[in-house]
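Quick notes on the structure that follows.
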Amino acid sequence: MLSREDNARLTDVGPGTPMGATMRRYWIPALLARELPEPDGPPVRVRLLGEDLVAFRDTRGRVGLLDEFCPHRRASLFFGRNEECGLRCVYHGWKFDVDGRCADMMNEPEERQFKDKVFIASYPTVEVGSVVWAYMGPPERKPAPPDFAWTRVPATHIQVSKVIQESNWLQGLEGGIDTSHAPILHRVLKADSARAGFKPKDPFVRGKAPTLEVDVTDYGYCYAGIRPLDDSALHVRAYHFILPFHQIRPSRDEAGVPLIAGHIWVPMDDETTMVYNWAMTARDEPLPEGERLESRLGNGPGDVDQTTFRSRRNRANNYLQNREVQRRETFTGIDGINVQDRAVQESMGPIVDRSLEHLGPADRAVIQARRLLLEAVRSVQDGGAPRGVAPTYYPLRAAEAVVARGTDWRTLLTPQPSAAETVPAG
Amino acid sequence: MLSREDNARLTDVGPGTPMGATMRRYWIPALLARELPEPDGPPVRVRLLGEDLVAFRDTRGRVGLLDEFCPHRRASLFFGRNEECGLRCVYHGWKFDVDGRCADMMNEPEERQFKDKVFIASYPTVEVGSVVWAYMGPPERKPAPPDFAWTRVPATHIQVSKVIQESNWLQGLEGGIDTSHAPILHRVLKADSARAGFKPKDPFVRGKAPTLEVDVTDYGYCYAGIRPLDDSALHVRAYHFILPFHQIRPSRDEAGVPLIAGHIWVPMDDETTMVYNWAMTARDEPLPEGERLESRLGNGPGDVDQTTFRSRRNRANNYLQNREVQRRETFTGIDGINVQDRAVQESMGPIVDRSLEHLGPADRAVIQARRLLLEAVRSVQDGGAPRGVAPTYYPLRAAEAVVARGTDWRTLLTPQPSAAETVPAG
Amino acid sequence: MLSREDNARLTDVGPGTPMGATMRRYWIPALLARELPEPDGPPVRVRLLGEDLVAFRDTRGRVGLLDEFCPHRRASLFFGRNEECGLRCVYHGWKFDVDGRCADMMNEPEERQFKDKVFIASYPTVEVGSVVWAYMGPPERKPAPPDFAWTRVPATHIQVSKVIQESNWLQGLEGGIDTSHAPILHRVLKADSARAGFKPKDPFVRGKAPTLEVDVTDYGYCYAGIRPLDDSALHVRAYHFILPFHQIRPSRDEAGVPLIAGHIWVPMDDETTMVYNWAMTARDEPLPEGERLESRLGNGPGDVDQTTFRSRRNRANNYLQNREVQRRETFTGIDGINVQDRAVQESMGPIVDRSLEHLGPADRAVIQARRLLLEAVRSVQDGGAPRGVAPTYYPLRAAEAVVARGTDWRTLLTPQPSAAETVPAG
């Protein structure tokens, strides 16, 4: 449970809001690199933290991220011509480079052009891990580029996708750092079902409801859900939460081989979120080809329109829930593990009123994330840097295992994340 | 004409509004019994007086009507599992019974569950007359279950349906207790037309514009429209208005045999209404099979989607009005008697501004209904019971007849409704 | 650049707004005459300056333009019966004539009718130039009917159409009196392309960016864009702006023969505009049949639904922009010259925030139009008549030519528009 004031503080991300100012201190995924496949190709609309932007890859391959609207008369640069190291508005031919400088004013005679007096808002970008990231904060506070284990592996070893969620970003994040729901919402009831999810024999399902342990770190926290299996064994899943909106979790491929996976919940605006999904092998090897389709998750091209990034199973069609399947085969009757997540999270409404919640011990990680986010907001308001903006996250990996009672789950993580207030070793 | 304040007082029905509090003192149709055909079947979304609810029939056949949103983290229970005498949220497996008690918290170990501390809003229901009714008011003021002539007849003798109207409820009710419009809006111009409506030879059409007489009763009022046919004869139609939103009217089947019919205008919210339609034979006999299709009214499966209860002829397609048919065959060119009603009532906008009206003597019944509704609001505000909440309405029937001048229309009603302020004999 | 206050002053047109009051002092196109092809035919919905109206042609051929809603109970007269010199509401049969007088009250006995006490808002209309015009201002200030060169030519010599633009009216007008964008936005890159637009060899394209000269007149202004072609020659295009929302421009048919054309940007409401398009031959001769299709402009029946007047290429489908065509063949990759205009103007949002603009010398005509519009608003607020409400515009024609340096473009216009503050000869 949260006060309405704190709820608004966490969920509103537009320009000028406290959380908006906080998020703008981190590098933010703006689009997939493959959306701009070639120099001088078509520009792409980008909505980020309530701002309408346009991205383009210029003649030299650099990615520009500009205010969508031409400063002259405010026509959209989306329809613009991407040519000769700049994006040119089709209305009067004004042209801007990736840094937002005006390079030409086609409607004015050369001698009357006033290019030096005109600017367009532009944000710096970097391409890392198949993603174009933007920095939308004060230039002098720009941190080092994003650097994760998953952004360092070769392209053969990783899959990255995105999909729109029709809710506030925090509903997504809170589902992502909530291991307690996973073997419930994503449960398969029938042992021989071909549908994706956690099967009856899976120790994740066989284990009792979990105890949660949360270790605060400099980047956010590492936490584990610990489930008694029997008198001697425990099932453990350990995740990372990295401020402001990253999750890293253990996963498995279709054959049961361990993967490391994650989501990033990037606010398009207060009521819409672009969810980035990534998965890599836990060992240093190529990702199986089948994993690229993301069909078990419901995030791949079979489920998500790759032009609009809208999910084909969505609120308007009740996610194609099949009540007969729900009765006999899966807990929800909805296909696609992440479609199940979107279904429940979107069903809470655009921005859930957290003052009406009733939380319990199993919500400990969710509660802790809210505390850290509110702390980050205060840090920024006090003129400081928010937690997690500085370190290099490279070594962070997640883990899942069945272990003997008495085993510390922290030993499963390689390298072990450092204790609270300690920067993880880079 | 009505002040804007009184207009809002009559039309706003959400939680906390005066009319909302008043309506919550009556039993309210929530859904058709056939929408929940079997125990443990799929739950159904219900929107009632601005509240989002979910209905389900449990293992023992009881109907639960709960807040749509789980009190834990506010996921929708619509996607829930209906099993073992309760509805279970698919997100974390919390389960609630028809009385709103928490029966399980699947995400918490048994010893940490706090089921006694969690409640979900639930409303008592009864199934009467093929309809599931809900009581949404203070428990200690709950009246006896609804009891009408039409709720007592065997299922073979009655047809009940529902359809969404895209306007405030009062526009529907005011059309329903306005006999003056019927032979105009619903007129068939051509004697040999096969289209539904009142034909030129019908005394209802041949009669002059009516004089209205309204007798206030304990349940609302009984009123008649009296139309001179010639020097010796009158045409009379007598209806009942039962607070807060019931109409009972005379009707006829395709062969002209008398029926008794009615509508109930149940607010889904301020701008949307679920109209319930019922018809029974006036004598104690089965309803002709053809009447079940409701094709003349435009309320049956051929006209209304039986999943969404949206009308196929609607505002977006101008109710498929055919101007050639309007010119030659019917007054409106719109097929379906109740489609014609919805067309004009929805055309007034979501909530008509009654301060702009110009009413005349023919609107006497409409004016009287507003007075009684405002009186009911005051009764509730003063701590009392609104009119019509207590009596048994069983004997109320409507009538239509051609009578000799000088005949009192009240003698047509069997039993005769008692005079004002007298409870009708039960 | 404009203050937000002045921006709202120019763009808000509903009842009671300063610009709304100003526009209501002029004759305003309400619909095409051909939308009401015959007496007693179907009525048509008209949305004008934020008001919902209904138009009908009565038995005697007169066009009535009434409030859409019956004063009795506010049902829409759109569904009404157009018969015997009046429009009759289908709900209770009240009937109104073209002057708004109540002619019958079908639901009341003759002796109780109160027809003299009921009025419906009605606006006078005239049919001129294939258009039905309305006057919505104070009756005592009604000007002489509209009278333009294009409203006087025979029907064989002119084509008039209309199309909805999803933006405020001023964005349309400002595009229409902005000759500087035309050879940019509407440019064809490839000399042998079959697509519509200005080709590389066209002097309009070959000329340098223009100098603008604006002569204020009693009706608004006449202005020219003057483009140096070489040391000896200039390319000149001269347009008229007629208050409050008319443009007259030079055009050419497919074969290059000069036409005179124009647009009228009529606000339906603050965020929606009905654009009227007309074209006539510059000489006194019939318009070529191909011009009636308006396929080069994208305003004809192939591009615009002739029932809804919605453009098939629109914001929702990015105007079917083809990036490959944009790269190689046309500046925008969008087909249809006026579709290109709508694309950029709608892309600015429903009402562009002009306080964020950066205007230059090439925007001189736009700036001057705003000044004249604000002046007209002040005139009305001061109790006077706004500019352009009185004169007869008959002789106004536009011109385009290549002339020797030193030539005054004003000599191209026949007759020459008079200088500022002088009423043009009629």
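Chains: A, B, ... in order of the structure tokens. Residues: from 1 per chain. Ligands: from 1, in order shown.
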Inset, instruction - Name the residues of region 111-308 of chain B that come out as strand (DSSP E) in a backbone DSSP run; write them as an MDAnalysis selection string. - result: chainID B and resid 125:128 131:135 158:165 211:216 220:228 233:242 246:252 258:269 272:281
Dump C-alpha atoms for the selected residues as an mmCIF file, in the first residue's frame?
```
data_model
loop_
_atom_site.group_PDB
_atom_site.id
_atom_site.type_symbol
_atom_site.label_atom_id
_atom_site.label_comp_id
_atom_site.auth_asym_id
_atom_site.auth_seq_id
_atom_site.Cartn_x
_atom_site.Cartn_y
_atom_site.Cartn_z
ATOM 1 C CA THR B 125 -27.863 -11.425 -5.419
ATOM 2 C CA VAL B 126 -31.129 -13.222 -6.073
ATOM 3 C CA GLU B 127 -32.279 -14.991 -9.221
ATOM 4 C CA VAL B 128 -35.831 -14.130 -10.068
ATOM 5 C CA VAL B 131 -32.592 -12.266 -14.116
ATOM 6 C CA VAL B 132 -29.845 -12.037 -11.491
ATOM 7 C CA TRP B 133 -30.635 -9.028 -9.295
ATOM 8 C CA ALA B 134 -28.162 -7.290 -7.015
ATOM 9 C CA TYR B 135 -28.624 -5.200 -3.925
ATOM 10 C CA ILE B 158 -42.062 -15.191 -20.741
ATOM 11 C CA GLN B 159 -39.142 -13.880 -22.744
ATOM 12 C CA VAL B 160 -36.414 -11.693 -21.224
ATOM 13 C CA SER B 161 -33.534 -10.050 -23.097
ATOM 14 C CA LYS B 162 -31.159 -7.148 -22.739
ATOM 15 C CA VAL B 163 -29.435 -4.588 -24.953
ATOM 16 C CA ILE B 164 -27.059 -1.694 -24.359
ATOM 17 C CA GLN B 165 -28.314 1.845 -24.951
ATOM 18 C CA THR B 211 -54.945 13.491 -22.898
ATOM 19 C CA LEU B 212 -52.799 12.024 -20.126
ATOM 20 C CA GLU B 213 -54.065 11.083 -16.684
ATOM 21 C CA VAL B 214 -51.580 10.087 -13.996
ATOM 22 C CA ASP B 215 -52.475 8.381 -10.694
ATOM 23 C CA VAL B 216 -49.633 8.394 -8.211
ATOM 24 C CA GLY B 220 -44.749 5.091 -8.661
ATOM 25 C CA TYR B 221 -47.766 5.704 -10.808
ATOM 26 C CA CYS B 222 -50.293 4.281 -13.157
ATOM 27 C CA TYR B 223 -51.191 6.471 -16.097
ATOM 28 C CA ALA B 224 -53.259 6.403 -19.246
ATOM 29 C CA GLY B 225 -53.205 8.089 -22.606
ATOM 30 C CA ILE B 226 -56.766 8.699 -23.716
ATOM 31 C CA ARG B 227 -57.463 9.375 -27.399
ATOM 32 C CA PRO B 228 -60.839 10.385 -28.845
ATOM 33 C CA ALA B 233 -65.436 6.023 -28.449
ATOM 34 C CA LEU B 234 -62.076 6.484 -26.810
ATOM 35 C CA HIS B 235 -58.826 4.583 -27.238
ATOM 36 C CA VAL B 236 -57.038 4.009 -23.940
ATOM 37 C CA ARG B 237 -53.582 2.686 -23.082
ATOM 38 C CA ALA B 238 -52.681 2.332 -19.403
ATOM 39 C CA TYR B 239 -49.092 1.835 -18.195
ATOM 40 C CA HIS B 240 -47.271 1.546 -14.892
ATOM 41 C CA PHE B 241 -44.127 3.312 -13.806
ATOM 42 C CA ILE B 242 -42.439 1.554 -10.910
ATOM 43 C CA HIS B 246 -39.438 -0.032 -14.486
ATOM 44 C CA GLN B 247 -42.109 0.307 -17.109
ATOM 45 C CA ILE B 248 -45.077 -2.053 -17.657
ATOM 46 C CA ARG B 249 -47.078 -1.546 -20.825
ATOM 47 C CA PRO B 250 -49.698 -3.275 -22.944
ATOM 48 C CA SER B 251 -48.418 -4.970 -26.056
ATOM 49 C CA ARG B 252 -49.618 -7.421 -28.704
ATOM 50 C CA PRO B 258 -52.630 -9.039 -26.075
ATOM 51 C CA LEU B 259 -49.318 -9.283 -24.244
ATOM 52 C CA ILE B 260 -47.958 -7.527 -21.208
ATOM 53 C CA ALA B 261 -44.455 -6.208 -21.636
ATOM 54 C CA GLY B 262 -41.952 -4.011 -19.923
ATOM 55 C CA HIS B 263 -38.523 -2.481 -19.887
ATOM 56 C CA ILE B 264 -36.050 -1.835 -17.095
ATOM 57 C CA TRP B 265 -33.442 0.868 -17.703
ATOM 58 C CA VAL B 266 -30.450 -0.054 -15.584
ATOM 59 C CA PRO B 267 -27.566 2.437 -15.540
ATOM 60 C CA MET B 268 -24.203 0.875 -16.354
ATOM 61 C CA ASP B 269 -22.787 4.335 -15.795
ATOM 62 C CA THR B 272 -24.569 3.896 -20.771
ATOM 63 C CA THR B 273 -27.683 1.905 -19.957
ATOM 64 C CA MET B 274 -28.510 -1.791 -20.016
ATOM 65 C CA VAL B 275 -32.127 -2.084 -21.111
ATOM 66 C CA TYR B 276 -33.886 -5.246 -20.003
ATOM 67 C CA ASN B 277 -36.895 -6.241 -22.091
ATOM 68 C CA TRP B 278 -39.563 -8.714 -21.087
ATOM 69 C CA ALA B 279 -42.874 -9.879 -22.527
ATOM 70 C CA MET B 280 -45.457 -12.369 -21.313
ATOM 71 C CA THR B 281 -48.901 -13.368 -22.444
#
```
Give me, as a tab-separated table, each residue of chain C that comes within 9 Å of chain B, together with its shortest interatomic pair and the distance in Å at one decimal, counting only C-alpha atoms, with rows ordered by chain and rising residue number.
```
residue	atom	partner	partner_atom	distance
C:Gly41	CA	B:Arg323	CA	8.4
C:Pro42	CA	B:Arg323	CA	6.6
C:Phe69	CA	B:Met348	CA	7.2
C:Cys70	CA	B:Glu357	CA	8.5
C:Pro71	CA	B:Glu357	CA	5.6
C:His72	CA	B:His358	CA	4.6
C:Arg73	CA	B:Glu357	CA	5.3
C:Arg74	CA	B:Met348	CA	5.4
C:Ala75	CA	B:Met348	CA	4.7
C:Ser76	CA	B:Ser347	CA	5.2
C:Leu77	CA	B:Ser347	CA	8.8
C:Phe78	CA	B:Ser347	CA	8.8
C:Phe79	CA	B:Thr332	CA	6.9
C:Gly80	CA	B:Thr332	CA	7.3
C:Arg81	CA	B:Thr332	CA	7.5
C:Asn82	CA	B:Arg327	CA	8.8
C:Glu83	CA	B:Arg327	CA	8.9
C:Cys89	CA	B:Leu185	CA	8.9
C:Val90	CA	B:Leu185	CA	5.3
C:Tyr91	CA	B:Leu185	CA	5.1
C:His92	CA	B:His181	CA	5.0
C:Gly93	CA	B:Ile184	CA	6.5
C:Met106	CA	B:Ala209	CA	7.0
C:Asn107	CA	B:Ala209	CA	5.3
C:Glu108	CA	B:Ala209	CA	5.2
C:Pro109	CA	B:Ala209	CA	4.8
C:Glu110	CA	B:Ala209	CA	8.1
C:Arg112	CA	B:Pro361	CA	7.5
C:Gln113	CA	B:Gly360	CA	8.0
C:Phe114	CA	B:Gly360	CA	8.0
C:Val118	CA	B:His358	CA	7.4
```
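The two atoms in question, CA of Glu329 (chain C) and CA of Lys190 (chain C), are spaced 5.2 Å apart.
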Legend entry - Between CA of Ser122 (chain A) and CA of Glu38 (chain A), distance in Å (one decimal): 20.2 Å
Inset, instruction - Write out as number ranges by chain the residues lying within 12 Å of Ala191 (chain C), counting only C-alpha atoms and excluding same-chain residues fewer than 5 positions away. - result: C: 196-202, 205, 328-330
Okay, now the selection with all heavy atoms, as a PDB file, in the first residue's frame?
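So the final result, stored in part24.pdb, reads:
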```pdb
ATOM      1  N   ALA C 196       1.919  13.949 -59.601  1.00  0.00           N
ATOM      2  CA  ALA C 196       1.568  15.362 -59.618  1.00  0.00           C
ATOM      3  C   ALA C 196       2.541  16.177 -58.780  1.00  0.00           C
ATOM      4  O   ALA C 196       3.075  15.695 -57.776  1.00  0.00           O
ATOM      5  CB  ALA C 196       0.150  15.542 -59.089  1.00  0.00           C
ATOM      6  N   GLY C 197       2.756  17.432 -59.210  1.00  0.00           N
ATOM      7  CA  GLY C 197       3.629  18.325 -58.464  1.00  0.00           C
ATOM      8  C   GLY C 197       4.417  19.212 -59.397  1.00  0.00           C
ATOM      9  O   GLY C 197       4.213  19.188 -60.614  1.00  0.00           O
ATOM     10  N   PHE C 198       5.311  19.994 -58.820  1.00  0.00           N
ATOM     11  CA  PHE C 198       6.119  20.914 -59.611  1.00  0.00           C
ATOM     12  C   PHE C 198       7.409  20.234 -60.032  1.00  0.00           C
ATOM     13  O   PHE C 198       8.186  19.788 -59.201  1.00  0.00           O
ATOM     14  CB  PHE C 198       6.390  22.181 -58.806  1.00  0.00           C
ATOM     15  CG  PHE C 198       5.136  22.923 -58.434  1.00  0.00           C
ATOM     16  CD1 PHE C 198       4.641  22.905 -57.134  1.00  0.00           C
ATOM     17  CD2 PHE C 198       4.413  23.625 -59.394  1.00  0.00           C
ATOM     18  CE1 PHE C 198       3.476  23.572 -56.797  1.00  0.00           C
ATOM     19  CE2 PHE C 198       3.236  24.303 -59.064  1.00  0.00           C
ATOM     20  CZ  PHE C 198       2.766  24.270 -57.762  1.00  0.00           C
ATOM     21  N   LYS C 199       7.636  20.200 -61.331  1.00  0.00           N
ATOM     22  CA  LYS C 199       8.756  19.435 -61.892  1.00  0.00           C
ATOM     23  C   LYS C 199      10.041  20.266 -61.928  1.00  0.00           C
ATOM     24  O   LYS C 199       9.993  21.504 -61.871  1.00  0.00           O
ATOM     25  CB  LYS C 199       8.387  19.004 -63.319  1.00  0.00           C
ATOM     26  CG  LYS C 199       7.121  18.151 -63.379  1.00  0.00           C
ATOM     27  CD  LYS C 199       7.407  16.723 -63.764  1.00  0.00           C
ATOM     28  CE  LYS C 199       6.230  15.815 -63.507  1.00  0.00           C
ATOM     29  NZ  LYS C 199       5.417  15.579 -64.718  1.00  0.00           N
ATOM     30  N   PRO C 200      11.184  19.579 -62.063  1.00  0.00           N
ATOM     31  CA  PRO C 200      12.472  20.298 -62.011  1.00  0.00           C
ATOM     32  C   PRO C 200      12.580  21.462 -62.990  1.00  0.00           C
ATOM     33  O   PRO C 200      13.188  22.483 -62.682  1.00  0.00           O
ATOM     34  CB  PRO C 200      13.491  19.203 -62.349  1.00  0.00           C
ATOM     35  CG  PRO C 200      12.821  17.918 -61.961  1.00  0.00           C
ATOM     36  CD  PRO C 200      11.356  18.131 -62.166  1.00  0.00           C
ATOM     37  N   LYS C 201      11.980  21.342 -64.170  1.00  0.00           N
ATOM     38  CA  LYS C 201      12.131  22.411 -65.161  1.00  0.00           C
ATOM     39  C   LYS C 201      11.186  23.587 -64.937  1.00  0.00           C
ATOM     40  O   LYS C 201      11.298  24.622 -65.593  1.00  0.00           O
ATOM     41  CB  LYS C 201      11.879  21.844 -66.564  1.00  0.00           C
ATOM     42  CG  LYS C 201      13.032  20.985 -67.054  1.00  0.00           C
ATOM     43  CD  LYS C 201      12.928  20.751 -68.539  1.00  0.00           C
ATOM     44  CE  LYS C 201      14.084  19.870 -69.010  1.00  0.00           C
ATOM     45  NZ  LYS C 201      13.827  19.309 -70.364  1.00  0.00           N
ATOM     46  N   ASP C 202      10.228  23.382 -64.067  1.00  0.00           N
ATOM     47  CA  ASP C 202       9.252  24.441 -63.806  1.00  0.00           C
ATOM     48  C   ASP C 202       9.982  25.662 -63.231  1.00  0.00           C
ATOM     49  O   ASP C 202      10.772  25.527 -62.296  1.00  0.00           O
ATOM     50  CB  ASP C 202       8.234  23.893 -62.793  1.00  0.00           C
ATOM     51  CG  ASP C 202       7.011  24.769 -62.669  1.00  0.00           C
ATOM     52  OD1 ASP C 202       7.169  26.007 -62.661  1.00  0.00           O
ATOM     53  OD2 ASP C 202       5.910  24.208 -62.564  1.00  0.00           O
ATOM     54  N   VAL C 205      10.191  26.011 -59.589  1.00  0.00           N
ATOM     55  CA  VAL C 205      11.198  25.216 -58.876  1.00  0.00           C
ATOM     56  C   VAL C 205      12.600  25.741 -59.170  1.00  0.00           C
ATOM     57  O   VAL C 205      13.461  25.802 -58.280  1.00  0.00           O
ATOM     58  CB  VAL C 205      11.090  23.724 -59.288  1.00  0.00           C
ATOM     59  CG1 VAL C 205      12.261  22.922 -58.748  1.00  0.00           C
ATOM     60  CG2 VAL C 205       9.755  23.140 -58.802  1.00  0.00           C
ATOM     61  N   ARG C 328      13.251   8.741 -54.541  1.00  0.00           N
ATOM     62  CA  ARG C 328      13.620   8.844 -55.950  1.00  0.00           C
ATOM     63  C   ARG C 328      12.740   9.759 -56.795  1.00  0.00           C
ATOM     64  O   ARG C 328      13.133  10.204 -57.861  1.00  0.00           O
ATOM     65  CB  ARG C 328      13.557   7.449 -56.608  1.00  0.00           C
ATOM     66  CG  ARG C 328      14.413   6.441 -55.899  1.00  0.00           C
ATOM     67  CD  ARG C 328      14.481   5.107 -56.620  1.00  0.00           C
ATOM     68  NE  ARG C 328      15.106   4.124 -55.742  1.00  0.00           N
ATOM     69  CZ  ARG C 328      16.410   4.141 -55.464  1.00  0.00           C
ATOM     70  NH1 ARG C 328      17.213   5.041 -56.002  1.00  0.00           N
ATOM     71  NH2 ARG C 328      16.923   3.240 -54.635  1.00  0.00           N
ATOM     72  N   GLU C 329      11.505  10.013 -56.329  1.00  0.00           N
ATOM     73  CA  GLU C 329      10.575  10.599 -57.289  1.00  0.00           C
ATOM     74  C   GLU C 329       9.918  11.894 -56.844  1.00  0.00           C
ATOM     75  O   GLU C 329       9.776  12.823 -57.638  1.00  0.00           O
ATOM     76  CB  GLU C 329       9.497   9.544 -57.603  1.00  0.00           C
ATOM     77  CG  GLU C 329       9.146   9.492 -59.066  1.00  0.00           C
ATOM     78  CD  GLU C 329       8.162   8.382 -59.385  1.00  0.00           C
ATOM     79  OE1 GLU C 329       8.320   7.255 -58.860  1.00  0.00           O
ATOM     80  OE2 GLU C 329       7.237   8.662 -60.161  1.00  0.00           O
ATOM     81  N   THR C 330       9.476  11.953 -55.593  1.00  0.00           N
ATOM     82  CA  THR C 330       8.834  13.187 -55.114  1.00  0.00           C
ATOM     83  C   THR C 330       9.404  13.556 -53.751  1.00  0.00           C
ATOM     84  O   THR C 330       9.958  12.714 -53.040  1.00  0.00           O
ATOM     85  CB  THR C 330       7.295  13.029 -54.978  1.00  0.00           C
ATOM     86  OG1 THR C 330       7.008  12.110 -53.923  1.00  0.00           O
ATOM     87  CG2 THR C 330       6.660  12.549 -56.268  1.00  0.00           C
TER      88      THR C 330
END
```
Inset, instruction - Record the distance separating CA of Val257 (chain C) and CA of Pro301 (chain C), expressed in Å with one decimal. - result: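 Separating CA of Val257 (chain C) from CA of Pro301 (chain C) is a distance of 22.9 Å.
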Between region 22-61 of chain A and region 146-154 of chain A, at 10 Å or less, what are the per-residue closest atom pairs and their distances in Å? Count only C-alpha atoms, order by chain and rising residue number, and return it as a tab-separated table.
```
residue	atom	partner	partner_atom	distance
A:Tyr26	CA	A:Pro146	CA	8.7
A:Trp27	CA	A:Pro146	CA	6.5
A:Ile28	CA	A:Pro146	CA	8.9
A:Pro29	CA	A:Pro146	CA	9.7
```
Inset, instruction - Enumerate as an MDAnalysis selection string all residues of region 243-311 of chain A assigned to helix (DSSP H, G or I) by DSSP on the backbone, naming them with the chain letters and numbers the document uses. - result: chainID A and resid 289:293
Legend entry - Contacts of region 303-306 of chain A within 12 Å, only C-alpha atoms, excl. fewer than 6 positions in-chain, as number ranges by chain: A: 32, 34-35, 161-165, 275, 293-297, 312-314, 319-320, 335-339
Spatial neighbours of Arg57 (chain C), max dist 9 Å, only C-alpha atoms, sep filter under 2 positions, as a PDB file with C-alpha atoms, in the first residue's frame:
```
ATOM      1  CA  LEU C  36     -29.243  18.396 -51.104  1.00  0.00           C
ATOM      2  CA  PRO C  37     -30.078  17.434 -54.679  1.00  0.00           C
ATOM      3  CA  GLU C  38     -33.883  17.584 -54.522  1.00  0.00           C
ATOM      4  CA  PRO C  39     -36.815  19.021 -52.599  1.00  0.00           C
ATOM      5  CA  ASP C  40     -37.978  16.905 -49.664  1.00  0.00           C
ATOM      6  CA  GLY C  41     -34.844  14.753 -49.862  1.00  0.00           C
ATOM      7  CA  PRO C  42     -32.848  13.426 -46.905  1.00  0.00           C
ATOM      8  CA  PRO C  43     -31.540  16.035 -44.455  1.00  0.00           C
ATOM      9  CA  ALA C  55     -29.674  21.163 -43.418  1.00  0.00           C
ATOM     10  CA  THR C  59     -40.749  21.215 -50.839  1.00  0.00           C
ATOM     11  CA  ARG C  60     -40.264  24.592 -52.494  1.00  0.00           C
ATOM     12  CA  GLY C  61     -36.506  24.074 -52.912  1.00  0.00           C
ATOM     13  CA  ARG C  62     -35.425  26.409 -50.117  1.00  0.00           C
ATOM     14  CA  VAL C  63     -32.543  25.278 -47.919  1.00  0.00           C
ATOM     15  CA  GLY C  64     -33.128  25.326 -44.171  1.00  0.00           C
ATOM     16  CA  ASN C  82     -38.603  16.313 -44.743  1.00  0.00           C
ATOM     17  CA  CYS C  85     -42.307  22.591 -46.409  1.00  0.00           C
ATOM     18  CA  GLY C  86     -40.800  21.552 -43.115  1.00  0.00           C
ATOM     19  CA  VAL C  98     -36.732  26.769 -43.015  1.00  0.00           C
TER      20      VAL C  98
END
```
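Among the candidates B:Met23, B:Ala33, B:Ala369, B:Val13, the residue lying nearest to Glu51 (chain B) is B:Val13 (atoms considered: only C-alpha atoms).
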